[in-house]
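Structure file input-v6.cif; described as mmCIF, C-alpha atoms.
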```
data_structure
loop_
_atom_site.label_atom_id
_atom_site.label_comp_id
_atom_site.auth_asym_id
_atom_site.auth_seq_id
_atom_site.Cartn_x
_atom_site.Cartn_y
_atom_site.Cartn_z
CA MET N 977 -31.38 37.71 56.90
CA ARG N 978 -28.08 35.86 57.28
CA ALA N 979 -29.90 32.53 56.89
CA ILE N 980 -31.53 33.70 53.62
CA LEU N 981 -28.16 34.90 52.33
CA PHE N 982 -26.55 31.56 53.26
CA TYR N 983 -29.21 29.54 51.38
CA CYS N 984 -28.89 31.83 48.35
CA LEU N 985 -25.13 31.28 48.27
CA LEU N 986 -25.60 27.53 48.74
CA PHE N 987 -28.14 27.36 45.89
CA SER N 988 -25.84 29.41 43.61
CA ALA N 989 -22.90 27.12 44.37
CA PHE N 990 -25.04 24.02 43.65
CA ALA N 991 -26.34 25.46 40.39
CA PHE N 992 -22.80 26.40 39.32
CA ALA N 993 -21.56 22.88 40.14
CA GLN N 994 -24.37 21.36 38.07
CA ARG N 995 -23.54 23.61 35.13
CA GLN N 996 -19.88 22.66 35.41
CA LYS N 997 -20.80 18.98 35.54
CA LYS N 998 -22.96 19.29 32.44
CA SER N 999 -20.25 21.19 30.59
CA THR N 1000 -17.52 18.68 31.43
CA VAL N 1001 -19.54 15.53 30.62
CA LYS N 1002 -19.53 15.47 26.84
CA VAL N 1003 -20.53 12.32 25.02
CA ASP N 1004 -19.08 11.69 21.59
CA SER N 1005 -22.22 10.31 19.93
CA ILE N 1006 -20.32 8.56 17.14
CA ASP N 1007 -18.13 6.62 19.59
CA TYR N 1008 -21.22 5.94 21.71
CA TYR N 1009 -23.17 4.42 18.80
CA ILE N 1010 -20.17 2.35 17.68
CA GLU N 1011 -19.67 1.10 21.23
CA LEU N 1012 -23.33 0.08 21.42
CA SER N 1013 -23.07 -1.65 18.05
CA ASN N 1014 -20.02 -3.64 19.20
CA PHE N 1015 -21.74 -4.54 22.46
CA ASN N 1016 -24.70 -6.00 20.56
CA ILE N 1017 -22.33 -8.08 18.41
CA LYS N 1018 -21.12 -9.75 21.61
CA THR N 1019 -24.70 -10.55 22.60
CA ASN N 1020 -25.40 -11.87 19.06
CA ASN N 1021 -28.06 -9.20 18.51
CA TYR N 1022 -27.23 -8.05 15.01
CA LYS N 1023 -30.55 -6.24 14.53
CA PHE N 1024 -29.57 -3.60 17.10
CA SER N 1025 -25.93 -3.72 16.07
CA LEU N 1026 -26.86 -2.77 12.49
CA SER N 1027 -29.17 -0.05 13.78
CA PHE N 1028 -26.49 1.57 15.95
CA ALA N 1029 -23.91 1.33 13.15
CA GLN N 1030 -26.33 3.18 10.87
CA LYS N 1031 -26.95 5.79 13.58
CA ALA N 1032 -23.19 6.34 13.82
CA ILE N 1033 -23.04 6.89 10.05
CA ASP N 1034 -26.04 9.26 10.11
CA TYR N 1035 -24.53 11.30 12.96
CA ALA N 1036 -21.17 11.44 11.18
CA LYS N 1037 -22.86 12.74 8.03
CA LYS N 1038 -24.85 15.27 10.04
CA THR N 1039 -21.71 16.62 11.73
CA LYS N 1040 -19.71 16.31 8.48
CA ASN N 1041 -17.14 14.08 10.19
CA LYS N 1042 -15.65 12.17 7.25
CA LYS N 1043 -13.27 10.03 9.32
CA ALA N 1044 -16.09 8.93 11.64
CA GLU N 1045 -18.26 8.19 8.59
CA ALA N 1046 -15.48 5.93 7.29
CA ARG N 1047 -15.40 4.11 10.65
CA GLY N 1048 -19.17 3.69 10.57
CA PHE N 1049 -19.20 2.20 7.08
CA SER N 1050 -16.30 -0.10 7.98
CA LEU N 1051 -18.24 -1.37 11.00
CA LEU N 1052 -21.34 -1.85 8.85
CA GLY N 1053 -19.24 -3.79 6.34
CA SER N 1054 -17.95 -6.07 9.13
CA LEU N 1055 -21.51 -6.76 10.28
CA TYR N 1056 -22.62 -7.66 6.76
CA PHE N 1057 -19.54 -9.88 6.38
CA ASP N 1058 -20.41 -11.73 9.61
CA LEU N 1059 -23.95 -12.20 8.29
CA LYS N 1060 -22.64 -13.63 4.98
CA LYS N 1061 -24.05 -10.65 3.07
CA ASP N 1062 -20.94 -10.22 0.94
CA ASP N 1063 -22.37 -7.83 -1.67
CA ASP N 1064 -23.67 -5.47 1.02
CA ALA N 1065 -20.33 -5.73 2.83
CA ILE N 1066 -18.43 -4.83 -0.36
CA GLN N 1067 -20.56 -1.72 -0.92
CA SER N 1068 -20.02 -0.62 2.71
CA TYR N 1069 -16.25 -1.11 2.47
CA TYR N 1070 -16.15 0.83 -0.80
CA LYS N 1071 -17.84 3.77 0.96
CA SER N 1072 -15.51 3.47 3.94
CA ILE N 1073 -12.38 3.39 1.78
CA ALA N 1074 -13.61 6.36 -0.30
CA GLN N 1075 -13.63 8.45 2.89
CA TYR N 1076 -10.36 7.04 4.28
CA ASN N 1077 -8.63 7.83 0.99
CA THR N 1078 -9.14 11.55 1.65
CA PHE N 1079 -6.86 11.28 4.72
CA SER N 1080 -3.30 10.14 5.37
CA PRO N 1081 -2.69 6.35 5.26
CA SER N 1082 -3.88 4.60 8.44
CA SER N 1083 -4.29 1.12 9.91
CA GLN N 1084 -8.09 1.54 9.67
CA GLN N 1085 -7.80 2.22 5.94
CA ALA N 1086 -5.53 -0.82 5.48
CA TYR N 1087 -7.93 -2.99 7.48
CA ALA N 1088 -10.86 -1.91 5.29
CA TYR N 1089 -8.88 -2.96 2.19
CA TYR N 1090 -8.03 -6.28 3.89
CA LYS N 1091 -11.69 -6.98 4.72
CA LEU N 1092 -12.71 -6.02 1.19
CA GLY N 1093 -10.25 -8.63 -0.06
CA LEU N 1094 -11.85 -11.23 2.25
CA CYS N 1095 -15.28 -10.39 0.81
CA PHE N 1096 -14.06 -11.06 -2.73
CA MET N 1097 -12.42 -14.29 -1.54
CA GLU N 1098 -15.80 -15.45 -0.22
CA LYS N 1099 -17.25 -14.74 -3.67
CA GLY N 1100 -14.41 -16.67 -5.35
CA GLU N 1101 -13.12 -13.54 -7.11
CA TYR N 1102 -9.48 -14.18 -6.25
CA SER N 1103 -7.86 -11.64 -8.57
CA LYS N 1104 -9.83 -8.80 -6.99
CA ALA N 1105 -9.09 -10.18 -3.53
CA ASP N 1106 -5.38 -10.25 -4.34
CA THR N 1107 -5.49 -6.63 -5.53
CA TYR N 1108 -7.03 -5.40 -2.29
CA PHE N 1109 -4.66 -7.49 -0.14
CA ASP N 1110 -1.76 -5.83 -1.98
CA LYS N 1111 -3.22 -2.38 -1.26
CA ALA N 1112 -3.60 -3.25 2.41
CA LYS N 1113 -0.02 -4.55 2.52
CA THR N 1114 1.32 -1.37 0.92
CA ILE N 1115 -0.42 0.78 3.53
CA TYR N 1116 0.67 -1.39 6.47
CA SER N 1117 4.26 -1.24 5.17
CA SER N 1118 4.15 2.55 4.72
CA ILE N 1119 2.93 3.10 8.30
CA LYS N 1120 5.36 0.44 9.60
CA ILE N 1121 2.87 -2.06 11.05
CA THR N 1122 4.74 -5.15 9.88
CA SER N 1123 2.98 -7.55 12.28
CA ALA N 1124 -0.22 -7.31 10.21
CA ILE N 1125 1.60 -8.39 7.05
CA GLU N 1126 1.70 -12.03 8.22
CA LEU N 1127 -2.10 -12.08 8.17
CA LEU N 1128 -2.07 -10.69 4.64
CA ASN N 1129 0.55 -13.22 3.56
CA LEU N 1130 -1.74 -16.02 4.76
CA GLN N 1131 -4.61 -14.70 2.66
CA LYS N 1132 -2.37 -14.27 -0.38
CA ALA N 1133 -1.18 -17.87 0.04
CA ILE N 1134 -4.84 -19.02 0.16
CA VAL N 1135 -5.43 -17.07 -3.07
CA TYR N 1136 -2.41 -18.79 -4.69
CA LYS N 1137 -3.76 -22.16 -3.55
CA ALA N 1138 -7.22 -21.38 -4.96
CA LYS N 1139 -5.57 -20.55 -8.30
CA GLY N 1140 -3.62 -23.83 -8.20
CA GLN N 1141 -0.30 -22.01 -7.74
CA TYR N 1142 0.96 -24.39 -5.04
CA LYS N 1143 4.62 -23.50 -5.57
CA LEU N 1144 3.85 -19.96 -4.45
CA ALA N 1145 1.43 -20.95 -1.67
CA VAL N 1146 3.37 -23.71 0.12
CA PRO N 1147 6.47 -21.67 1.11
CA ILE N 1148 4.25 -19.04 2.74
CA PHE N 1149 2.25 -21.69 4.65
CA ASN N 1150 5.50 -23.36 5.77
CA GLN N 1151 6.90 -20.02 6.96
CA ILE N 1152 3.79 -19.45 9.12
CA ILE N 1153 3.82 -23.04 10.45
CA ALA N 1154 7.51 -22.76 11.43
CA LYS N 1155 6.76 -19.98 13.92
CA PRO N 1156 6.36 -20.93 17.62
CA ASP N 1157 2.78 -21.03 18.89
CA SER N 1158 3.58 -18.16 21.30
CA GLN N 1159 4.27 -15.87 18.30
CA ASP N 1160 1.02 -16.75 16.55
CA ILE N 1161 -0.56 -13.37 17.36
CA PHE N 1162 -3.17 -13.38 14.58
CA LYS N 1163 -4.03 -17.10 14.96
CA THR N 1164 -2.79 -17.87 11.44
CA LYS N 1165 -0.98 -21.12 12.21
CA ALA N 1166 -4.06 -23.37 12.43
CA GLU N 1167 -5.32 -22.03 9.09
CA ALA N 1168 -1.90 -22.55 7.45
CA LEU N 1169 -1.78 -26.14 8.75
CA TYR N 1170 -5.31 -26.77 7.45
CA GLN N 1171 -4.51 -25.30 4.01
CA ILE N 1172 -1.29 -27.30 3.56
CA GLY N 1173 -3.14 -30.40 4.81
CA LYS N 1174 -5.66 -29.84 2.02
CA ILE N 1175 -2.84 -29.58 -0.52
CA GLU N 1176 -1.33 -32.87 0.69
CA LEU N 1177 -4.78 -34.48 0.51
CA GLU N 1178 -5.23 -33.30 -3.09
CA ASN N 1179 -1.81 -34.74 -3.89
CA ASN N 1180 -2.95 -38.03 -2.31
CA ARG N 1181 -0.29 -37.92 0.39
CA LYS N 1182 -2.76 -39.16 2.97
CA ASN N 1183 -0.50 -39.58 6.02
CA LEU N 1184 1.07 -36.17 5.58
CA ALA N 1185 -2.40 -34.66 5.17
CA LEU N 1186 -3.55 -36.38 8.38
CA ASN N 1187 -0.55 -35.03 10.26
CA TYR N 1188 -1.16 -31.42 9.20
CA LEU N 1189 -4.93 -31.59 9.74
CA THR N 1190 -4.56 -33.17 13.20
CA ARG N 1191 -2.19 -30.37 14.22
CA ALA N 1192 -4.64 -27.83 12.83
CA TYR N 1193 -7.46 -29.46 14.82
CA ASP N 1194 -5.41 -29.30 18.06
CA LEU N 1195 -4.51 -25.64 17.56
CA ASN N 1196 -8.09 -24.74 16.66
CA ALA N 1197 -9.23 -26.07 20.05
CA LEU N 1198 -7.31 -23.19 21.67
CA ASP N 1199 -8.83 -20.54 19.39
CA LYS N 1200 -12.41 -21.92 19.21
CA ASN N 1201 -12.99 -20.75 15.64
CA MET N 1202 -16.16 -22.68 14.74
CA GLU N 1203 -16.06 -22.01 11.00
CA GLN N 1204 -12.46 -23.18 10.82
CA LYS N 1205 -13.20 -26.23 12.96
CA SER N 1206 -16.01 -27.31 10.64
CA LYS N 1207 -13.64 -27.20 7.63
CA ILE N 1208 -10.98 -29.20 9.50
CA LEU N 1209 -13.52 -31.83 10.63
CA PHE N 1210 -14.77 -32.34 7.08
CA SER N 1211 -11.22 -32.70 5.75
CA LEU N 1212 -10.32 -35.18 8.53
CA SER N 1213 -13.37 -37.22 7.54
CA LEU N 1214 -12.13 -37.32 3.94
CA VAL N 1215 -8.60 -38.33 4.99
CA TYR N 1216 -9.80 -41.19 7.18
CA GLU N 1217 -12.10 -42.36 4.39
CA LYS N 1218 -9.10 -42.49 2.03
CA LEU N 1219 -7.13 -44.33 4.73
CA LEU N 1220 -10.06 -46.81 4.91
CA ASN N 1221 -10.68 -45.99 8.56
CA ILE N 1222 -14.45 -45.78 8.14
CA ASP N 1223 -15.29 -45.50 11.85
CA LYS N 1224 -13.19 -42.37 12.29
CA ALA N 1225 -14.37 -41.01 8.94
CA HIS N 1226 -18.01 -41.31 10.13
CA LYS N 1227 -17.11 -39.91 13.56
CA TYR N 1228 -15.61 -36.72 12.11
CA LEU N 1229 -18.36 -36.42 9.52
CA LYS N 1230 -20.99 -36.62 12.26
CA GLU N 1231 -19.15 -33.94 14.27
CA TYR N 1232 -18.95 -31.81 11.14
CA ILE N 1233 -22.71 -32.06 10.46
CA GLN N 1234 -23.58 -31.28 14.09
CA LEU N 1235 -21.25 -28.27 14.12
CA LYS N 1236 -22.62 -26.95 10.80
CA ASP N 1237 -26.15 -27.19 12.25
CA SER N 1238 -25.01 -25.27 15.33
CA ILE N 1239 -23.37 -22.57 13.19
CA SER N 1240 -26.49 -22.30 11.05
CA ALA N 1241 -28.68 -21.94 14.16
CA LEU N 1242 -26.37 -19.23 15.55
CA ASN N 1243 -26.41 -17.38 12.23
CA ASN N 1244 -30.20 -17.47 12.18
CA LYS N 1245 -30.27 -16.00 15.68
CA LYS N 1246 -27.99 -13.15 14.65
CA LEU N 1247 -30.57 -11.60 12.36
CA GLY N 1248 -33.92 -12.86 11.08
CA SER N 1249 -34.76 -12.49 7.40
CA GLU N 1250 -37.57 -10.05 8.29
CA ASP N 1251 -35.20 -7.94 10.41
CA TYR N 1252 -32.69 -7.83 7.55
CA ALA N 1253 -35.38 -6.85 5.03
CA GLU N 1254 -36.65 -4.16 7.42
CA PHE N 1255 -33.15 -2.74 7.88
CA LYS N 1256 -32.46 -2.72 4.12
CA ASP N 1257 -35.81 -1.02 3.48
CA GLY N 1258 -34.91 1.63 6.04
CA GLU N 1259 -31.49 2.02 4.42
CA ARG N 1260 -33.08 2.42 0.98
CA MET N 1261 -35.58 4.99 2.33
CA LYS N 1262 -32.72 7.01 3.83
CA THR N 1263 -30.89 6.86 0.50
CA ILE N 1264 -34.02 8.06 -1.32
CA GLU N 1265 -34.52 10.84 1.25
CA GLN N 1266 -30.87 11.87 0.91
CA MET N 1267 -31.14 11.90 -2.88
CA ASP N 1268 -34.38 13.90 -2.67
CA LYS N 1269 -32.74 16.36 -0.28
CA GLU N 1270 -29.70 16.72 -2.55
CA ASN N 1271 -32.00 17.13 -5.58
CA LYS N 1272 -33.97 19.89 -3.83
CA GLU N 1273 -30.76 21.59 -2.76
CA GLN N 1274 -29.50 21.37 -6.35
CA GLN N 1275 -32.78 22.82 -7.65
CA LYS N 1276 -32.55 25.60 -5.09
CA ALA N 1277 -28.94 26.25 -6.09
CA ASN N 1278 -29.97 26.28 -9.77
CA LYS N 1279 -32.75 28.79 -9.00
CA VAL N 1280 -30.32 31.00 -7.10
CA ALA N 1281 -27.82 30.72 -9.96
CA LYS N 1282 -30.55 31.57 -12.46
CA LEU N 1283 -31.68 34.55 -10.37
CA ILE N 1284 -28.08 35.76 -10.06
CA SER N 1285 -27.69 35.38 -13.83
CA ILE N 1286 -30.88 37.41 -14.45
CA LEU N 1287 -29.79 40.07 -11.97
CA ALA N 1288 -26.36 40.19 -13.60
CA ILE N 1289 -27.93 40.68 -17.05
CA ALA N 1290 -30.25 43.33 -15.62
CA LEU N 1291 -27.32 45.09 -13.95
CA ILE N 1292 -25.30 44.99 -17.19
CA SER N 1293 -28.31 46.42 -19.05
CA ILE N 1294 -28.74 49.20 -16.48
CA LEU N 1295 -25.04 50.00 -16.59
CA SER N 1296 -25.15 50.01 -20.41
CA LEU N 1297 -28.13 52.38 -20.40
CA LEU N 1298 -26.47 54.55 -17.79
CA SER N 1299 -23.26 54.60 -19.84
CA LEU N 1300 -25.25 55.50 -22.97
CA SER N 1301 -27.11 58.22 -21.08
CA LEU N 1302 -23.85 59.66 -19.79
CA TYR N 1303 -22.41 59.52 -23.30
CA LYS N 1304 -25.41 61.41 -24.74
CA ASN N 1305 -25.32 63.94 -21.91
CA ASN N 1306 -21.65 64.46 -22.56
CA ILE N 1307 -22.33 65.11 -26.28
CA ILE N 1308 -25.14 67.56 -25.44
CA ARG N 1309 -22.93 69.32 -22.90
CA ASN N 1310 -20.12 69.62 -25.42
CA LYS N 1311 -22.50 71.02 -28.03
CA SER N 1312 -23.93 73.50 -25.50
CA ASN N 1313 -20.43 74.60 -24.54
CA LEU N 1314 -19.54 75.01 -28.22
CA LEU N 1315 -22.67 77.13 -28.89
CA LEU N 1316 -22.04 79.23 -25.82
CA LYS N 1317 -18.45 79.77 -26.93
CA GLU N 1318 -19.62 80.83 -30.44
CA LYS N 1319 -22.11 83.30 -28.95
CA ILE N 1320 -19.49 84.81 -26.72
CA MET N 1321 -17.16 85.18 -29.70
CA SER N 1322 -19.95 86.82 -31.76
CA PHE N 1323 -20.46 89.47 -29.04
CA ASN N 1324 -16.81 90.31 -29.21
#
```

Represent the supplied structure as structure tokens.
Amino acid sequence: MRAILFYCLLFSAFAFAQRQKKSTVKVDSIDYYIELSNFNIKTNNYKFSLSFAQKAIDYAKKTKNKKAEARGFSLLGSLYFDLKKDDDAIQSYYKSIAQYNTFSPSSQQAYAYYKLGLCFMEKGEYSKADTYFDKAKTIYSSIKITSAIELLNLQKAIVYKAKGQYKLAVPIFNQIIAKPDSQDIFKTKAEALYQIGKIELENNRKNLALNYLTRAYDLNALDKNMEQKSKILFSLSLVYEKLLNIDKAHKYLKEYIQLKDSISALNNKKLGSEDYAEFKDGERMKTIEQMDKENKEQQKANKVAKLISILAIALISILSLLSLSLYKNNIIRNKSNLLLKEKIMSFN
């Protein structure tokens, strides 16, 4: 008997421990999906990364978590931006910002504006880019994250340069270049050197251009930014051609072509055209389903509203009839009382 009691107690304790374990281990599905999406970015598997980002958005909508929905759309925008799908990225960032704008200013909101500005820069729409960079800067300033402003200043300087406003662009580039390499947190120095090298090249100051571009090339080697390196290589090729050093011009041009081929191959591995089409079809179907659901809910709401309206009219009619009936009964009662009073008086 004691043995049976012992095993019963042991089983109860085990079951209780399991229940406690289950109750304490709670997975935040939104964070989980975002983590999986980021993991697949690192493995260059953008098909799964897009899928998990969409799952994060769907879960956020299901749980009515607006802030998480904003995070999901921002992640989706970043993925589209990496894949050079600028229009899709812009739409995702718009949706993200629309949700973030319902909350207090945050670094995530500012970053979404910053990335939106980058998207418009890629499309050559510099005025729009400038507007969104200004919005990002305002938010970063209001929440006192001044370190991020240097990154925004770089982009604004690039916008000035694209508009031919070199007098506004050059001082900003020089300010970034003057900082020690150890303080180059956002890796802006190589880009600033490249941009000012391009300005010197356009102004036909070949030796100055070579100096800036060579420094940009050396700094880029530490960062390993392939897109940036390809731009620097091409510009170095142009400088050496202008300096009549054809061997070096061909050398850098060859490196540029090889690197561009490598970048193109990597981009193709990120997401095949069929995978992208499949994901967009799925996205469109979900949008159609959501619209259909909202339409049905609206129709249902309209039916309920109509029914309430009919019931209200019916109730008003009943109350009117009841009021009329009471009024008539009151008249009849008054007349009866009057007749009874007259009869009583006649007997007297």

Residues at most 10 Å from Lys1245 in chain N, counting only C-alpha atoms, excluding those fewer than 5 positions away in the same chain, as an mmCIF file with C-alpha atoms, in the coordinates of the input?
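Wrote around.cif, looks like this:
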```cif
data_model
loop_
_atom_site.group_PDB
_atom_site.id
_atom_site.type_symbol
_atom_site.label_atom_id
_atom_site.label_comp_id
_atom_site.auth_asym_id
_atom_site.auth_seq_id
_atom_site.Cartn_x
_atom_site.Cartn_y
_atom_site.Cartn_z
ATOM 1 C CA ASN N 1020 -25.400 -11.870 19.060
ATOM 2 C CA ASN N 1021 -28.060 -9.200 18.510
ATOM 3 C CA TYR N 1022 -27.230 -8.050 15.010
ATOM 4 C CA LYS N 1023 -30.550 -6.240 14.530
ATOM 5 C CA ILE N 1239 -23.370 -22.570 13.190
ATOM 6 C CA SER N 1240 -26.490 -22.300 11.050
#
```

Residue by residue, what does the PyMOL selection byres ((chain N and resi 1127) around 12) grab here? Present the result as a PyMOL selection string.
chain N and resi 1087+1090-1091+1094+1109-1110+1112-1113+1116+1121-1126+1128-1134+1148-1149+1152+1160-1165+1167-1168

Which of these residues is nearest to Ala1046 in chain N, using only C-alpha atoms: N:Ser1082, N:Val1215, N:Asp1062, N:Ser1013?
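Using only C-alpha atoms, Ala1046 in chain N sits closest to N:Ser1082.
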
Env of Gly1173 in chain N: 10 Å cut, atoms = all atoms listed in the file, seq-sep filter 5 positions within chain, self excluded. Answer as a list of chain:residue names.
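The filter keeps N:Glu1167, N:Ala1168, N:Glu1178, N:Asn1179, N:Arg1181, N:Lys1182, N:Asn1183, N:Leu1184, N:Ala1185, N:Leu1186, N:Asn1187, N:Tyr1188, N:Leu1189, N:Thr1190, N:Arg1191, N:Ala1192, N:Ile1208, N:Ser1211, N:Leu1212, N:Val1215.
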
Please, what distance in Å, to one decimal, runs between CA of Asp1194 in chain N and CA of Ala1138 in chain N?
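It comes out at 24.4 Å.
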
Edge lengths and centre in Å to one decimal, as lines of an AutoDock Vina configuration file, of the axis-aligned box that encloses all listed atoms of range 1007-1025 of chain N with 6 Å added on every side?
```
center_x = -24.3
center_y = -2.6
center_z = 18.6
size_x = 24.4
size_y = 30.5
size_z = 20.1
```

For this file, the PyMOL selection byres ((chain N and resi 1011) around 12) selects which residues, as number ranges by chain?
N: 1003-1010, 1012-1018, 1024-1026, 1028-1029, 1031-1032, 1047-1048, 1051

When you look at Lys1104 in chain N with a cut-off of 10 Å (counting only C-alpha atoms), what residues show up, excluding the ones that are within fewer than 3 positions of it in the same chain? I need them as a ChimeraX atom specification.
/N:1092-1097,1100-1101,1107-1110

Pick from N:Pro1156, N:Gln1141, N:Gln1084, N:Tyr1056 nearest to Ile1115 in chain N, counting only C-alpha atoms:
N:Gln1084

Quick one: distance from CA of Asp1106 in chain N to CA of Tyr1089 in chain N in Å, one decimal?
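Answer for the CA of Asp1106 in chain N to CA of Tyr1089 in chain N separation: 10.4 Å.
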
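With only C-alpha atoms as the atoms that count, the minimum distance from Ile1233 in chain N to the choices N:Leu1291, N:Leu1209, N:Ile1307, N:Leu1198 is reached by N:Leu1209.
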
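When CA of Ala1105 in chain N is paired with CA of Gln1067 in chain N, their separation reads 14.5 Å.
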
If the PyMOL selection byres ((chain N and resi 1049) around 10) were run on this exact file, what residues would it hold? Put them as a ChimeraX atom specification.
/N:1029-1030,1032-1033,1044-1048,1050-1055,1065,1067-1073,1075,1088

Nearest-residue call for Tyr1232 in chain N, choices N:Lys1205, N:Lys1040, N:Lys1246, N:Lys1276, using only C-alpha atoms:
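Answer, going by the shortest atom-to-atom distance: N:Lys1205.
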